[in-house]
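The structure file coords05.cif is reproduced below (mmCIF, C-alpha atoms).
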data_input
loop_
_atom_site.group_PDB
_atom_site.id
_atom_site.type_symbol
_atom_site.label_atom_id
_atom_site.label_comp_id
_atom_site.auth_asym_id
_atom_site.auth_seq_id
_atom_site.Cartn_x
_atom_site.Cartn_y
_atom_site.Cartn_z
ATOM 1 C CA MET A 10 -10.882 37.321 -2.647
ATOM 2 C CA PHE A 11 -7.547 36.730 -0.904
ATOM 3 C CA ILE A 12 -9.191 34.380 1.619
ATOM 4 C CA ALA A 13 -10.824 32.409 -1.207
ATOM 5 C CA LEU A 14 -7.443 31.974 -2.921
ATOM 6 C CA VAL A 15 -5.732 30.932 0.311
ATOM 7 C CA LEU A 16 -8.495 28.449 1.112
ATOM 8 C CA ALA A 17 -8.286 27.000 -2.401
ATOM 9 C CA PHE A 18 -4.653 26.035 -1.742
ATOM 10 C CA LEU A 19 -4.879 25.392 1.998
ATOM 11 C CA THR A 20 -7.797 22.952 1.885
ATOM 12 C CA PRO A 21 -6.085 20.318 -0.307
ATOM 13 C CA PHE A 22 -2.930 20.664 1.813
ATOM 14 C CA VAL A 23 -4.865 20.034 5.044
ATOM 15 C CA PHE A 24 -6.606 17.003 3.548
ATOM 16 C CA THR A 25 -3.285 15.644 2.296
ATOM 17 C CA VAL A 26 -1.840 15.922 5.801
ATOM 18 C CA ILE A 27 -4.899 14.122 7.170
ATOM 19 C CA GLU A 28 -4.539 11.346 4.573
ATOM 20 C CA PHE A 29 -0.829 10.918 5.317
ATOM 21 C CA SER A 30 -1.476 10.839 9.068
ATOM 22 C CA GLU A 31 -4.218 8.242 8.645
ATOM 23 C CA ARG A 32 -1.908 6.003 6.623
ATOM 24 C CA GLN A 33 0.813 6.304 9.262
ATOM 25 C CA LEU A 34 -1.708 5.388 11.954
ATOM 26 C CA GLU A 35 -2.812 2.306 9.970
ATOM 27 C CA VAL A 36 0.810 1.155 9.658
ATOM 28 C CA ALA A 37 1.376 1.748 13.378
ATOM 29 C CA HIS A 38 -1.663 -0.408 14.175
ATOM 30 C CA MET A 39 -0.327 -3.188 11.932
ATOM 31 C CA GLU A 40 3.108 -2.978 13.577
ATOM 32 C CA ASP A 41 1.520 -3.183 17.016
ATOM 33 C CA ALA A 42 -0.651 -6.153 16.016
ATOM 34 C CA LEU A 43 2.336 -8.086 14.679
ATOM 35 C CA GLN A 44 4.518 -7.203 17.685
ATOM 36 C CA GLN A 45 1.842 -8.391 20.110
ATOM 37 C CA ALA A 46 1.425 -11.616 18.110
ATOM 38 C CA THR A 47 5.150 -12.384 18.320
ATOM 39 C CA ARG A 48 5.089 -11.565 22.019
ATOM 40 C CA SER A 49 2.173 -13.976 22.517
ATOM 41 C CA ALA A 50 4.026 -16.705 20.642
ATOM 42 C CA VAL A 51 7.253 -16.374 22.599
ATOM 43 C CA GLN A 52 5.302 -16.759 25.845
ATOM 44 C CA LEU A 53 4.815 -20.441 24.981
ATOM 45 C CA PHE A 54 7.958 -21.709 26.652
ATOM 46 C CA ASP A 55 8.220 -25.221 27.934
ATOM 47 C CA TYR A 56 8.234 -24.126 31.569
ATOM 48 C CA GLU A 57 9.629 -27.444 32.750
ATOM 49 C CA CYS A 58 12.733 -26.744 30.669
ATOM 50 C CA LEU A 59 12.709 -23.157 31.885
ATOM 51 C CA ALA A 60 12.904 -24.400 35.471
ATOM 52 C CA ARG A 61 16.066 -26.293 34.496
ATOM 53 C CA ASN A 62 17.319 -23.030 32.918
ATOM 54 C CA SER A 63 17.202 -24.450 29.398
ATOM 55 C CA GLN A 64 14.632 -22.404 27.520
ATOM 56 C CA ARG A 65 12.742 -23.948 24.621
ATOM 57 C CA ILE A 66 9.809 -23.044 22.371
ATOM 58 C CA ASP A 67 7.366 -25.522 20.829
ATOM 59 C CA GLU A 68 7.601 -24.120 17.277
ATOM 60 C CA GLU A 69 4.288 -25.334 15.862
ATOM 61 C CA ARG A 70 2.325 -24.259 18.908
ATOM 62 C CA ALA A 71 4.044 -20.872 18.939
ATOM 63 C CA VAL A 72 3.213 -20.159 15.277
ATOM 64 C CA GLN A 73 -0.428 -21.181 15.739
ATOM 65 C CA ALA A 74 -0.736 -18.925 18.787
ATOM 66 C CA ALA A 75 0.905 -16.074 16.882
ATOM 67 C CA LYS A 76 -1.506 -16.452 13.959
ATOM 68 C CA ARG A 77 -4.534 -16.462 16.277
ATOM 69 C CA ALA A 78 -3.288 -13.394 18.145
ATOM 70 C CA PHE A 79 -2.488 -11.595 14.898
ATOM 71 C CA VAL A 80 -5.949 -12.245 13.425
ATOM 72 C CA ASN A 81 -7.566 -10.988 16.640
ATOM 73 C CA ASN A 82 -5.359 -7.897 16.750
ATOM 74 C CA ILE A 83 -5.881 -6.777 13.152
ATOM 75 C CA GLY A 84 -9.652 -7.048 13.338
ATOM 76 C CA THR A 85 -9.980 -3.329 14.032
ATOM 77 C CA VAL A 86 -7.268 -2.049 11.688
ATOM 78 C CA LEU A 87 -8.748 0.372 9.184
ATOM 79 C CA GLY A 88 -7.479 0.487 5.644
ATOM 80 C CA LEU A 89 -6.679 -3.204 5.372
ATOM 81 C CA ALA A 90 -7.455 -4.264 1.805
ATOM 82 C CA GLU A 91 -7.441 -8.007 2.456
ATOM 83 C CA ASP A 92 -9.083 -10.511 4.758
ATOM 84 C CA SER A 93 -7.347 -10.947 8.124
ATOM 85 C CA GLU A 94 -7.154 -14.749 7.760
ATOM 86 C CA THR A 95 -5.541 -14.431 4.339
ATOM 87 C CA LEU A 96 -3.053 -11.896 5.662
ATOM 88 C CA ALA A 97 -2.180 -14.101 8.649
ATOM 89 C CA GLN A 98 -1.325 -16.934 6.255
ATOM 90 C CA ARG A 99 1.084 -14.635 4.394
ATOM 91 C CA VAL A 100 3.071 -13.693 7.495
ATOM 92 C CA THR A 101 6.560 -15.194 7.546
ATOM 93 C CA TRP A 102 7.133 -16.542 11.050
ATOM 94 C CA ARG A 103 10.594 -17.542 12.257
ATOM 95 C CA VAL A 104 10.848 -19.434 15.510
ATOM 96 C CA LEU A 105 14.348 -19.590 16.942
ATOM 97 C CA PRO A 106 14.221 -22.142 19.806
ATOM 98 C CA GLN A 107 17.893 -21.709 20.670
ATOM 99 C CA GLY A 108 18.250 -18.074 19.651
ATOM 100 C CA GLY A 109 19.941 -16.932 16.480
ATOM 101 C CA SER A 110 19.449 -14.233 13.878
ATOM 102 C CA CYS A 111 16.410 -12.917 12.078
ATOM 103 C CA ARG A 112 17.099 -11.185 8.788
ATOM 104 C CA PHE A 113 14.228 -9.206 7.347
ATOM 105 C CA SER A 114 13.539 -8.194 3.737
ATOM 106 C CA ASN A 115 14.792 -4.662 4.441
ATOM 107 C CA GLU A 116 18.247 -6.127 5.282
ATOM 108 C CA GLN A 117 17.767 -5.447 9.013
ATOM 109 C CA THR A 118 19.178 -8.243 11.183
ATOM 110 C CA ILE A 119 18.375 -8.892 14.834
ATOM 111 C CA THR A 120 20.369 -11.444 16.834
ATOM 112 C CA PHE A 121 19.159 -13.197 19.981
ATOM 113 C CA ASP A 122 20.972 -15.430 22.448
ATOM 114 C CA GLN A 123 17.637 -16.612 23.897
ATOM 115 C CA PRO A 124 14.680 -18.278 22.150
ATOM 116 C CA ALA A 125 12.841 -15.791 19.968
ATOM 117 C CA VAL A 126 10.048 -15.373 17.459
ATOM 118 C CA CYS A 127 10.339 -13.077 14.434
ATOM 119 C CA ALA A 128 7.738 -12.154 11.851
ATOM 120 C CA GLU A 129 7.335 -10.022 8.760
ATOM 121 C CA VAL A 130 4.552 -9.256 6.315
ATOM 122 C CA ARG A 131 3.624 -6.769 3.606
ATOM 123 C CA PRO A 132 -0.106 -6.127 4.069
ATOM 124 C CA THR A 133 -2.063 -4.521 1.267
ATOM 125 C CA MET A 134 -3.416 -1.264 2.675
ATOM 126 C CA THR A 135 -5.532 1.524 1.206
ATOM 127 C CA GLY A 136 -6.072 5.083 2.271
ATOM 128 C CA PHE A 137 -9.506 6.587 2.702
ATOM 129 C CA GLY A 138 -9.444 7.986 -0.795
ATOM 130 C CA LEU A 139 -8.573 11.661 -0.794
ATOM 131 C CA LEU A 140 -5.390 10.910 -2.708
ATOM 132 C CA GLY A 141 -7.068 7.996 -4.434
ATOM 133 C CA TYR A 142 -7.498 4.404 -3.393
ATOM 134 C CA VAL A 143 -3.961 3.548 -4.354
ATOM 135 C CA PRO A 144 -2.947 0.426 -2.431
ATOM 136 C CA TYR A 145 0.375 0.416 -0.657
ATOM 137 C CA GLN A 146 2.333 -2.399 0.977
ATOM 138 C CA PRO A 147 4.521 -1.324 3.899
ATOM 139 C CA LEU A 148 6.961 -3.843 5.333
ATOM 140 C CA ILE A 149 5.887 -4.691 8.882
ATOM 141 C CA THR A 150 8.431 -6.524 11.054
ATOM 142 C CA ALA A 151 8.420 -7.680 14.657
ATOM 143 C CA ALA A 152 10.545 -9.775 17.006
ATOM 144 C CA ALA A 153 10.175 -10.859 20.611
ATOM 145 C CA THR A 154 12.123 -12.812 23.208
ATOM 146 C CA LEU A 155 12.096 -13.363 26.917
ATOM 147 C CA ASP A 156 15.168 -12.747 28.993
ATOM 148 C CA ARG A 157 16.939 -15.718 30.504
ATOM 149 C CA LEU A 158 16.449 -16.138 34.232
ATOM 150 C CA ASP A 159 19.729 -16.592 36.100
ATOM 151 C CA ARG A 160 20.082 -17.013 39.816
#
What is this file in structure tokens?
Amino acid sequence: MFIALVLAFLTPFVFTVIEFSERQLEVAHMEDALQQATRSAVQLFDYECLARNSQRIDEERAVQAAKRAFVNNIGTVLGLAEDSETLAQRVTWRVLPQGGSCRFSNEQTITFDQPAVCAEVRPTMTGFGLLGYVPYQPLITAAATLDRLDR
């Protein structure tokens, strides 16, 4: 009887831990996808300018590359409650060709003295249902830059 009582309380606790861990994993996958997309975008330097040690980013090309990379990266993310194309359109991309500051919705600010790309989004996510299919919207932020080459 004691084992039955313990299992009655332990089982929901174990499943709650599993649900929480799954949600954290989903958020980590989204963070990684957005970080890799910003990293892909910042790779699009004008290398001719880079050779003259004046770094520059083609803003439109960088954002398009970031969106493509982001859509490809989130294709395998579980728990995403919206279409990947729709989500990619909702991402706020900031291209800083001369460096500068990115201020995110959570009041975090990152400053760069080189060209950079910043992004943020609040994807609509769902768990797998043990605690209900209650959607949640974590703030996902990312920023990337390349270091200046000095000789």
| task | Within 12 Å of Thr118 of chain A, counting all atoms listed in the file, which residues show up once you throw out same-chain ones fewer than 6 positions away? Write them as a count of residues only, please. | result | 8
| message | What does the structure give for the distance between atom CA of Val130 of chain A and atom CA of Glu28 of chain A, in Å to one decimal? | response |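 So the two atoms, atom CA of Val130 of chain A and atom CA of Glu28 of chain A, lie 22.6 Å apart.
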| So what do you get for atom CA of Leu87 of chain A versus atom CA of Ala50 of chain A, distance-wise? | 24.2 Å
| said: the PyMOL selection byres ((chain A and resi 147) around 8) - which residues does that actually catch in the file I just gave you? List them as a PyMOL selection string. | reply: chain A and resi 36+131-133+145-146+148-149
Could you write out the selected residues, including C-alpha atoms, as an mmCIF file, in the frame of the given file?
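Result went into selection-v1.cif, see below:
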data_model
loop_
_atom_site.group_PDB
_atom_site.id
_atom_site.type_symbol
_atom_site.label_atom_id
_atom_site.label_comp_id
_atom_site.auth_asym_id
_atom_site.auth_seq_id
_atom_site.Cartn_x
_atom_site.Cartn_y
_atom_site.Cartn_z
ATOM 1 C CA VAL A 36 0.810 1.155 9.658
ATOM 2 C CA ARG A 131 3.624 -6.769 3.606
ATOM 3 C CA PRO A 132 -0.106 -6.127 4.069
ATOM 4 C CA THR A 133 -2.063 -4.521 1.267
ATOM 5 C CA TYR A 145 0.375 0.416 -0.657
ATOM 6 C CA GLN A 146 2.333 -2.399 0.977
ATOM 7 C CA LEU A 148 6.961 -3.843 5.333
ATOM 8 C CA ILE A 149 5.887 -4.691 8.882
#
Take the PyMOL selection byres ((chain A and resi 71-77) around 9), apply it to the structure above, and return the hits as a short mmCIF file (atom, residue, chain, number, x, y, z; two decimals) with C-alpha atoms, in the frame of the given file.
data_model
loop_
_atom_site.label_atom_id
_atom_site.label_comp_id
_atom_site.auth_asym_id
_atom_site.auth_seq_id
_atom_site.Cartn_x
_atom_site.Cartn_y
_atom_site.Cartn_z
CA LEU A 43 2.34 -8.09 14.68
CA GLN A 45 1.84 -8.39 20.11
CA ALA A 46 1.42 -11.62 18.11
CA THR A 47 5.15 -12.38 18.32
CA ARG A 48 5.09 -11.56 22.02
CA SER A 49 2.17 -13.98 22.52
CA ALA A 50 4.03 -16.70 20.64
CA VAL A 51 7.25 -16.37 22.60
CA GLN A 52 5.30 -16.76 25.84
CA LEU A 53 4.82 -20.44 24.98
CA PHE A 54 7.96 -21.71 26.65
CA ILE A 66 9.81 -23.04 22.37
CA ASP A 67 7.37 -25.52 20.83
CA GLU A 68 7.60 -24.12 17.28
CA GLU A 69 4.29 -25.33 15.86
CA ARG A 70 2.33 -24.26 18.91
CA ALA A 78 -3.29 -13.39 18.14
CA PHE A 79 -2.49 -11.60 14.90
CA VAL A 80 -5.95 -12.24 13.42
CA ASN A 81 -7.57 -10.99 16.64
CA ASN A 82 -5.36 -7.90 16.75
CA GLU A 94 -7.15 -14.75 7.76
CA ALA A 97 -2.18 -14.10 8.65
CA GLN A 98 -1.32 -16.93 6.26
CA VAL A 100 3.07 -13.69 7.50
CA TRP A 102 7.13 -16.54 11.05
CA ARG A 103 10.59 -17.54 12.26
CA VAL A 104 10.85 -19.43 15.51
CA VAL A 126 10.05 -15.37 17.46
#
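Interatomic distance, atom CA of Gly84 of chain A against atom CA of His38 of chain A: 10.4 Å.
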Please enclose the listed atoms of segment 85-102 of chain A in an axis-aligned box, pad each side by 3 Å, and write out the centre and the three edge lengths in Å, rounded to one decimal, as JSON.
{"center_x": -1.4, "center_y": -8.2, "center_z": 7.9, "size_x": 23.1, "size_y": 23.4, "size_z": 18.2}
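Residues lying within 9 Å of Leu89 of chain A, counting all atoms listed in the file and ignoring same-chain neighbours fewer than 2 positions away, are Glu35, Ile83, Val86, Leu87, Glu91, Asp92, Ser93, Pro132, Thr133, Met134, Thr135 and Gly136 of chain A.
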